[in-house]
>>> print(open('query_6.txt').read())   # compact mmCIF, N, CA and C atoms
# COMPACT_ATOMS: atom_id res chain seq x y z
N MET E 1 -53.33 17.32 -16.56
CA MET E 1 -51.95 17.71 -16.45
C MET E 1 -51.67 18.81 -17.48
N SER E 2 -50.99 19.83 -17.05
CA SER E 2 -50.62 20.93 -17.93
C SER E 2 -49.56 20.47 -18.92
N ASN E 3 -49.63 20.98 -20.13
CA ASN E 3 -48.62 20.63 -21.14
C ASN E 3 -47.21 20.99 -20.69
N TYR E 4 -47.08 22.10 -19.96
CA TYR E 4 -45.76 22.56 -19.55
C TYR E 4 -45.16 21.71 -18.44
N SER E 5 -45.97 20.91 -17.75
CA SER E 5 -45.44 20.06 -16.69
C SER E 5 -45.12 18.64 -17.18
N LYS E 6 -45.34 18.37 -18.47
CA LYS E 6 -44.97 17.07 -19.04
C LYS E 6 -43.46 17.03 -19.28
N TYR E 7 -42.90 15.84 -19.23
CA TYR E 7 -41.46 15.67 -19.42
C TYR E 7 -41.12 15.59 -20.89
N ILE E 8 -39.98 16.17 -21.26
CA ILE E 8 -39.53 16.14 -22.65
C ILE E 8 -38.98 14.75 -22.96
N PRO E 9 -38.78 14.41 -24.23
CA PRO E 9 -38.19 13.11 -24.58
C PRO E 9 -36.73 13.02 -24.10
N GLU E 10 -36.30 11.80 -23.83
CA GLU E 10 -34.95 11.55 -23.31
C GLU E 10 -33.87 12.07 -24.25
N ASP E 11 -34.03 11.88 -25.56
CA ASP E 11 -33.00 12.32 -26.50
C ASP E 11 -32.80 13.84 -26.46
N LEU E 12 -33.90 14.58 -26.30
CA LEU E 12 -33.78 16.03 -26.18
C LEU E 12 -33.09 16.42 -24.87
N ALA E 13 -33.39 15.70 -23.80
CA ALA E 13 -32.75 15.98 -22.51
C ALA E 13 -31.24 15.78 -22.60
N LYS E 14 -30.81 14.73 -23.28
CA LYS E 14 -29.37 14.48 -23.44
C LYS E 14 -28.71 15.60 -24.25
N GLU E 15 -29.38 16.04 -25.30
CA GLU E 15 -28.83 17.12 -26.12
C GLU E 15 -28.76 18.43 -25.35
N LEU E 16 -29.77 18.70 -24.51
CA LEU E 16 -29.76 19.92 -23.71
C LEU E 16 -28.65 19.89 -22.67
N LEU E 17 -28.38 18.72 -22.10
CA LEU E 17 -27.29 18.58 -21.15
C LEU E 17 -25.96 18.90 -21.83
N GLU E 18 -25.76 18.40 -23.04
CA GLU E 18 -24.55 18.69 -23.81
C GLU E 18 -24.45 20.18 -24.17
N LEU E 19 -25.60 20.82 -24.35
CA LEU E 19 -25.65 22.23 -24.70
C LEU E 19 -25.37 23.14 -23.49
N GLY E 20 -25.43 22.55 -22.29
CA GLY E 20 -25.11 23.33 -21.10
C GLY E 20 -26.23 23.52 -20.12
N MET E 21 -27.38 22.93 -20.36
CA MET E 21 -28.48 23.05 -19.39
C MET E 21 -28.14 22.25 -18.14
N THR E 22 -28.32 22.85 -16.99
CA THR E 22 -28.05 22.18 -15.73
C THR E 22 -29.25 21.30 -15.39
N LEU E 23 -29.01 19.99 -15.23
CA LEU E 23 -30.06 19.05 -14.88
C LEU E 23 -29.77 18.47 -13.50
N CYS E 24 -30.82 18.11 -12.79
CA CYS E 24 -30.67 17.48 -11.48
C CYS E 24 -29.91 16.17 -11.67
N ARG E 25 -28.84 16.00 -10.90
CA ARG E 25 -28.00 14.80 -11.03
C ARG E 25 -28.32 13.83 -9.90
N TYR E 26 -28.50 12.57 -10.26
CA TYR E 26 -28.77 11.52 -9.29
C TYR E 26 -27.53 10.66 -9.11
N ASN E 27 -27.18 10.39 -7.88
CA ASN E 27 -26.16 9.41 -7.54
C ASN E 27 -26.86 8.27 -6.81
N VAL E 28 -26.12 7.27 -6.44
CA VAL E 28 -26.69 6.14 -5.71
C VAL E 28 -27.41 6.66 -4.46
N GLY E 29 -28.66 6.29 -4.30
CA GLY E 29 -29.43 6.65 -3.12
C GLY E 29 -30.13 7.99 -3.19
N SER E 30 -29.97 8.75 -4.27
CA SER E 30 -30.60 10.07 -4.33
C SER E 30 -31.77 10.14 -5.31
N TYR E 31 -32.16 9.04 -5.89
CA TYR E 31 -33.23 9.02 -6.88
C TYR E 31 -34.57 9.34 -6.24
N ASP E 32 -35.38 10.21 -6.87
CA ASP E 32 -36.66 10.65 -6.31
C ASP E 32 -37.87 10.25 -7.16
N SER E 33 -37.76 9.24 -7.98
CA SER E 33 -38.82 8.63 -8.78
C SER E 33 -39.29 9.46 -9.98
N LYS E 34 -38.57 10.51 -10.34
CA LYS E 34 -38.92 11.27 -11.54
C LYS E 34 -38.18 10.65 -12.73
N PRO E 35 -38.67 10.87 -13.95
CA PRO E 35 -38.00 10.29 -15.12
C PRO E 35 -36.55 10.74 -15.23
N TYR E 36 -35.67 9.83 -15.64
CA TYR E 36 -34.24 10.12 -15.71
C TYR E 36 -33.61 9.33 -16.84
N PHE E 37 -32.35 9.66 -17.12
CA PHE E 37 -31.55 8.87 -18.07
C PHE E 37 -30.16 8.70 -17.47
N TYR E 38 -29.47 7.67 -17.91
CA TYR E 38 -28.12 7.39 -17.43
C TYR E 38 -27.10 8.23 -18.18
N GLU E 39 -26.07 8.65 -17.47
CA GLU E 39 -24.99 9.40 -18.09
C GLU E 39 -24.26 8.53 -19.12
N LYS E 40 -24.00 7.29 -18.76
CA LYS E 40 -23.35 6.32 -19.64
C LYS E 40 -24.25 5.10 -19.70
N PRO E 41 -24.05 4.22 -20.65
CA PRO E 41 -24.85 3.00 -20.67
C PRO E 41 -24.77 2.27 -19.34
N TYR E 42 -25.92 1.84 -18.85
CA TYR E 42 -26.00 1.20 -17.54
C TYR E 42 -25.33 -0.17 -17.56
N LYS E 43 -24.44 -0.43 -16.59
CA LYS E 43 -23.72 -1.70 -16.51
C LYS E 43 -23.66 -2.20 -15.08
N TYR E 44 -24.66 -2.52 -14.45
CA TYR E 44 -24.71 -3.16 -13.13
C TYR E 44 -23.67 -2.68 -12.13
N ASP E 45 -23.09 -1.53 -12.34
CA ASP E 45 -22.12 -0.99 -11.39
C ASP E 45 -22.80 0.11 -10.59
N TRP E 46 -23.39 -0.22 -9.49
CA TRP E 46 -24.15 0.74 -8.70
C TRP E 46 -23.27 1.85 -8.14
N LEU E 47 -22.01 1.60 -7.93
CA LEU E 47 -21.15 2.64 -7.39
C LEU E 47 -20.85 3.72 -8.43
N GLY E 48 -20.86 3.37 -9.69
CA GLY E 48 -20.59 4.34 -10.74
C GLY E 48 -21.84 4.88 -11.38
N TRP E 49 -23.01 4.60 -10.81
CA TRP E 49 -24.28 4.99 -11.40
C TRP E 49 -24.48 6.50 -11.29
N VAL E 50 -24.69 7.15 -12.42
CA VAL E 50 -25.01 8.58 -12.45
C VAL E 50 -26.16 8.76 -13.43
N GLY E 51 -27.22 9.39 -12.96
CA GLY E 51 -28.37 9.67 -13.81
C GLY E 51 -28.74 11.13 -13.73
N TYR E 52 -29.47 11.60 -14.73
CA TYR E 52 -29.94 12.98 -14.77
C TYR E 52 -31.44 13.00 -14.94
N GLN E 53 -32.08 13.88 -14.19
CA GLN E 53 -33.53 14.02 -14.29
C GLN E 53 -33.89 14.65 -15.63
N ILE E 54 -34.92 14.12 -16.26
CA ILE E 54 -35.42 14.68 -17.51
C ILE E 54 -36.27 15.90 -17.15
N PRO E 55 -36.00 17.05 -17.76
CA PRO E 55 -36.76 18.26 -17.41
C PRO E 55 -38.14 18.29 -18.06
N THR E 56 -38.98 19.17 -17.56
CA THR E 56 -40.30 19.38 -18.14
C THR E 56 -40.20 20.42 -19.25
N TYR E 57 -41.25 20.52 -20.05
CA TYR E 57 -41.27 21.54 -21.09
C TYR E 57 -41.15 22.93 -20.48
N GLY E 58 -41.82 23.17 -19.37
CA GLY E 58 -41.76 24.46 -18.71
C GLY E 58 -40.35 24.82 -18.26
N GLU E 59 -39.63 23.85 -17.71
CA GLU E 59 -38.25 24.09 -17.27
C GLU E 59 -37.34 24.44 -18.44
N VAL E 60 -37.53 23.76 -19.56
CA VAL E 60 -36.71 24.02 -20.74
C VAL E 60 -37.02 25.41 -21.31
N ILE E 61 -38.30 25.75 -21.40
CA ILE E 61 -38.70 27.06 -21.92
C ILE E 61 -38.15 28.17 -21.02
N ASP E 62 -38.19 27.98 -19.70
CA ASP E 62 -37.61 28.95 -18.76
C ASP E 62 -36.11 29.08 -18.97
N TRP E 63 -35.42 27.95 -19.17
CA TRP E 63 -33.97 27.97 -19.35
C TRP E 63 -33.59 28.77 -20.60
N PHE E 64 -34.32 28.56 -21.69
CA PHE E 64 -34.03 29.31 -22.91
C PHE E 64 -34.28 30.80 -22.71
N SER E 65 -35.29 31.17 -21.93
CA SER E 65 -35.57 32.59 -21.72
C SER E 65 -34.40 33.28 -21.00
N GLY E 66 -33.67 32.53 -20.18
CA GLY E 66 -32.48 33.08 -19.54
C GLY E 66 -31.39 33.42 -20.54
N TRP E 67 -31.45 32.85 -21.73
CA TRP E 67 -30.49 33.13 -22.80
C TRP E 67 -31.06 34.14 -23.80
N GLY E 68 -32.23 34.70 -23.51
CA GLY E 68 -32.84 35.68 -24.42
C GLY E 68 -33.57 35.03 -25.58
N ILE E 69 -33.93 33.76 -25.44
CA ILE E 69 -34.69 33.02 -26.46
C ILE E 69 -36.04 32.68 -25.86
N TYR E 70 -37.12 33.23 -26.42
CA TYR E 70 -38.45 33.09 -25.84
C TYR E 70 -39.33 32.24 -26.75
N ILE E 71 -39.79 31.11 -26.23
CA ILE E 71 -40.64 30.19 -26.98
C ILE E 71 -42.08 30.40 -26.53
N THR E 72 -42.96 30.66 -27.50
CA THR E 72 -44.39 30.80 -27.21
C THR E 72 -45.18 29.94 -28.20
N PHE E 73 -46.45 29.73 -27.89
CA PHE E 73 -47.31 28.90 -28.73
C PHE E 73 -48.62 29.62 -29.00
N ASP E 74 -49.06 29.57 -30.24
CA ASP E 74 -50.39 30.04 -30.61
C ASP E 74 -51.28 28.81 -30.73
N VAL E 75 -52.52 28.96 -30.32
CA VAL E 75 -53.47 27.85 -30.32
C VAL E 75 -54.48 28.06 -31.44
N PHE E 76 -54.86 26.97 -32.12
CA PHE E 76 -55.90 27.06 -33.13
C PHE E 76 -56.81 25.84 -33.03
N PHE E 77 -58.01 25.97 -33.56
CA PHE E 77 -59.01 24.92 -33.50
C PHE E 77 -58.87 24.01 -34.72
N THR E 78 -58.89 22.68 -34.50
CA THR E 78 -58.82 21.73 -35.62
C THR E 78 -59.55 20.44 -35.26
N PHE E 79 -60.23 19.87 -36.23
CA PHE E 79 -60.89 18.58 -36.02
C PHE E 79 -59.90 17.43 -36.17
N ALA E 80 -58.71 17.70 -36.72
CA ALA E 80 -57.73 16.64 -36.97
C ALA E 80 -57.19 16.04 -35.68
N LEU E 81 -57.16 16.80 -34.61
CA LEU E 81 -56.66 16.29 -33.33
C LEU E 81 -57.84 15.99 -32.41
N ALA E 82 -57.69 14.99 -31.60
CA ALA E 82 -58.79 14.52 -30.75
C ALA E 82 -59.33 15.61 -29.82
N ASP E 83 -58.44 16.44 -29.29
CA ASP E 83 -58.92 17.46 -28.36
C ASP E 83 -59.27 18.77 -29.08
N ASN E 84 -59.19 18.77 -30.41
CA ASN E 84 -59.59 19.90 -31.25
C ASN E 84 -58.73 21.14 -31.07
N VAL E 85 -57.59 21.03 -30.45
CA VAL E 85 -56.69 22.17 -30.28
C VAL E 85 -55.33 21.81 -30.87
N GLY E 86 -54.82 22.67 -31.72
CA GLY E 86 -53.49 22.50 -32.27
C GLY E 86 -52.62 23.67 -31.84
N TYR E 87 -51.32 23.53 -32.03
CA TYR E 87 -50.37 24.54 -31.58
C TYR E 87 -49.42 24.89 -32.72
N ILE E 88 -49.01 26.15 -32.74
CA ILE E 88 -47.97 26.63 -33.64
C ILE E 88 -46.96 27.38 -32.78
N TRP E 89 -45.67 27.03 -32.90
CA TRP E 89 -44.66 27.69 -32.07
C TRP E 89 -44.12 28.94 -32.72
N LYS E 90 -43.65 29.84 -31.86
CA LYS E 90 -42.98 31.06 -32.29
C LYS E 90 -41.80 31.30 -31.36
N ILE E 91 -40.68 31.69 -31.91
CA ILE E 91 -39.50 32.00 -31.09
C ILE E 91 -39.12 33.45 -31.32
N SER E 92 -39.01 34.18 -30.23
CA SER E 92 -38.52 35.55 -30.26
C SER E 92 -37.17 35.55 -29.57
N TYR E 93 -36.23 36.30 -30.10
CA TYR E 93 -34.91 36.32 -29.48
C TYR E 93 -34.25 37.68 -29.66
N VAL E 94 -33.37 37.97 -28.75
CA VAL E 94 -32.64 39.22 -28.78
C VAL E 94 -31.53 39.09 -29.81
N LYS E 95 -31.50 40.02 -30.73
CA LYS E 95 -30.48 40.01 -31.77
C LYS E 95 -29.61 41.25 -31.58
N ARG E 96 -28.33 41.04 -31.53
CA ARG E 96 -27.39 42.13 -31.28
C ARG E 96 -26.45 42.30 -32.47
N THR E 97 -26.21 43.55 -32.82
CA THR E 97 -25.16 43.89 -33.76
C THR E 97 -24.25 44.89 -33.06
N SER E 98 -23.23 45.33 -33.72
CA SER E 98 -22.30 46.25 -33.07
C SER E 98 -22.96 47.59 -32.73
N ASN E 99 -24.00 47.97 -33.47
CA ASN E 99 -24.65 49.26 -33.25
C ASN E 99 -26.04 49.17 -32.63
N ASP E 100 -26.65 48.01 -32.62
CA ASP E 100 -28.07 47.94 -32.28
C ASP E 100 -28.43 46.65 -31.55
N ILE E 101 -29.55 46.70 -30.83
CA ILE E 101 -30.13 45.53 -30.19
C ILE E 101 -31.63 45.57 -30.50
N TRP E 102 -32.19 44.46 -30.97
CA TRP E 102 -33.62 44.39 -31.21
C TRP E 102 -34.12 42.97 -31.02
N LEU E 103 -35.44 42.82 -31.01
CA LEU E 103 -36.07 41.52 -30.85
C LEU E 103 -36.46 41.01 -32.22
N ASP E 104 -35.99 39.82 -32.58
CA ASP E 104 -36.30 39.20 -33.86
C ASP E 104 -37.24 38.02 -33.59
N GLU E 105 -37.97 37.59 -34.61
CA GLU E 105 -38.91 36.48 -34.45
C GLU E 105 -38.75 35.48 -35.58
N PHE E 106 -39.05 34.24 -35.25
CA PHE E 106 -39.10 33.16 -36.24
C PHE E 106 -40.23 32.25 -35.80
N CYS E 107 -41.10 31.86 -36.71
CA CYS E 107 -42.21 30.99 -36.30
C CYS E 107 -42.27 29.75 -37.17
N GLU E 108 -43.06 28.82 -36.71
CA GLU E 108 -43.19 27.53 -37.40
C GLU E 108 -43.63 27.70 -38.84
N ASN E 109 -44.50 28.68 -39.10
CA ASN E 109 -44.96 28.92 -40.48
C ASN E 109 -43.80 29.27 -41.40
N ASP E 110 -42.76 29.91 -40.85
CA ASP E 110 -41.58 30.23 -41.64
C ASP E 110 -40.73 28.99 -41.91
N ALA E 111 -40.82 28.00 -41.03
CA ALA E 111 -39.95 26.82 -41.10
C ALA E 111 -40.51 25.71 -41.98
N CYS E 112 -41.82 25.62 -42.13
CA CYS E 112 -42.39 24.47 -42.85
C CYS E 112 -42.81 24.86 -44.26
N SER E 113 -42.81 23.87 -45.13
CA SER E 113 -43.24 24.11 -46.50
C SER E 113 -44.76 24.01 -46.59
N SER E 114 -45.33 24.49 -47.65
CA SER E 114 -46.79 24.48 -47.78
C SER E 114 -47.32 23.05 -47.91
N ARG E 115 -46.51 22.11 -48.36
CA ARG E 115 -46.96 20.72 -48.49
C ARG E 115 -47.05 20.01 -47.14
N GLU E 116 -46.13 20.34 -46.23
CA GLU E 116 -46.10 19.66 -44.93
C GLU E 116 -47.23 20.10 -44.02
N GLY E 117 -47.62 21.34 -44.11
CA GLY E 117 -48.59 21.88 -43.18
C GLY E 117 -47.89 22.25 -41.88
N CYS E 118 -48.56 23.03 -41.10
CA CYS E 118 -47.98 23.50 -39.84
C CYS E 118 -48.94 23.24 -38.70
N GLY E 119 -48.39 23.20 -37.52
CA GLY E 119 -49.22 23.00 -36.34
C GLY E 119 -49.43 21.55 -36.05
N GLY E 120 -49.78 21.27 -34.81
CA GLY E 120 -50.03 19.91 -34.40
C GLY E 120 -50.17 19.82 -32.90
N SER E 121 -49.93 18.64 -32.36
CA SER E 121 -50.06 18.43 -30.92
C SER E 121 -49.00 19.23 -30.18
N PHE E 122 -49.23 19.47 -28.90
CA PHE E 122 -48.29 20.26 -28.12
C PHE E 122 -46.90 19.63 -28.10
N GLU E 123 -46.82 18.32 -27.86
CA GLU E 123 -45.53 17.66 -27.75
C GLU E 123 -44.72 17.78 -29.05
N LEU E 124 -45.34 17.52 -30.19
CA LEU E 124 -44.63 17.60 -31.46
C LEU E 124 -44.15 19.02 -31.74
N ASP E 125 -45.01 19.98 -31.50
CA ASP E 125 -44.63 21.36 -31.75
C ASP E 125 -43.59 21.85 -30.75
N ALA E 126 -43.73 21.50 -29.49
CA ALA E 126 -42.76 21.93 -28.48
C ALA E 126 -41.39 21.31 -28.77
N ASN E 127 -41.35 20.04 -29.16
CA ASN E 127 -40.07 19.41 -29.50
C ASN E 127 -39.41 20.11 -30.67
N ALA E 128 -40.20 20.47 -31.70
CA ALA E 128 -39.65 21.18 -32.85
C ALA E 128 -39.13 22.56 -32.44
N ALA E 129 -39.86 23.25 -31.59
CA ALA E 129 -39.43 24.57 -31.13
C ALA E 129 -38.15 24.48 -30.31
N ILE E 130 -38.04 23.46 -29.47
CA ILE E 130 -36.84 23.27 -28.65
C ILE E 130 -35.64 22.99 -29.55
N ARG E 131 -35.82 22.16 -30.57
CA ARG E 131 -34.72 21.87 -31.49
C ARG E 131 -34.27 23.14 -32.23
N TYR E 132 -35.23 23.95 -32.67
CA TYR E 132 -34.87 25.18 -33.35
C TYR E 132 -34.14 26.12 -32.37
N ALA E 133 -34.63 26.21 -31.14
CA ALA E 133 -33.99 27.07 -30.13
C ALA E 133 -32.58 26.59 -29.80
N MET E 134 -32.38 25.27 -29.80
CA MET E 134 -31.03 24.73 -29.55
C MET E 134 -30.06 25.18 -30.64
N ASN E 135 -30.48 25.11 -31.89
CA ASN E 135 -29.64 25.56 -32.99
C ASN E 135 -29.38 27.06 -32.90
N LEU E 136 -30.39 27.80 -32.50
CA LEU E 136 -30.25 29.24 -32.35
C LEU E 136 -29.26 29.59 -31.24
N LYS E 137 -29.34 28.86 -30.12
CA LYS E 137 -28.43 29.11 -29.01
C LYS E 137 -26.98 28.84 -29.40
N LYS E 138 -26.76 27.82 -30.22
CA LYS E 138 -25.40 27.52 -30.68
C LYS E 138 -24.83 28.68 -31.51
N LYS E 139 -25.71 29.39 -32.22
CA LYS E 139 -25.27 30.50 -33.07
C LYS E 139 -25.03 31.78 -32.26
N ILE E 140 -25.75 31.93 -31.16
CA ILE E 140 -25.69 33.18 -30.39
C ILE E 140 -24.39 33.25 -29.60
>>> encode(input="query_6.txt", output="structure tokens")
Amino acid sequence: MSNYSKYIPEDLAKELLELGMTLCRYNVGSYDSKPYFYEKPYKYDWLGWVGYQIPTYGEVIDWFSGWGIYITFDVFFTFALADNVGYIWKISYVKRTSNDIWLDEFCENDACSSREGCGGSFELDANAAIRYAMNLKKKI
């Protein structure tokens, strides 16, 4: 399975919905067996049941690119992870001022301290990149 086709964690999906990402909405009888979360705490009321499909990493990365926020990953070799591949995220985004437009970058190496170390599994790094992109989108 490709890393980009894996589903993001439920808490991130809820935060993205609040941020304005359009998610597939399920009503009674429309569920298609993909991971989902409830709009409100579930209470045995099938008529009021509303759920949202949890998006994949690829869908989230595509959504951010529509806002001019581009998430990419660099790969490096490490014995610390079982598959010997680690990831470091980088975010490029369009920065506008009254006189100019340019592409700015921020990467994981800029965000972490030397004690913590940088890089890791795809899921951990992608979640961190999505969180940073969410904060960036709020500022833009």
>>> residues_around(input="query_6.txt", residues="Glu123 (chain E)", least_positions_apart="3", cutoff="10 Å", atoms="only C-alpha atoms", output="list in words")
Asn3, Tyr4, Lys6, Tyr7, Ile8, Pro9, Tyr57, Tyr87, Gly120, Ala126, Asn127, Ala128 and Ala129 of chain E
>>> atom_distance(input="query_6.txt", atom1="atom C of Trp63 (chain E)", atom2="atom C of Asp125 (chain E)")
15.8 Å
>>> atom_distance(input="query_6.txt", atom1="atom C of Gly58 (chain E)", atom2="atom C of Ser5 (chain E)")
7.9 Å
>>> atom_distance(input="query_6.txt", atom1="atom C of Lys95 (chain E)", atom2="CA of Leu16 (chain E)")
22.7 Å
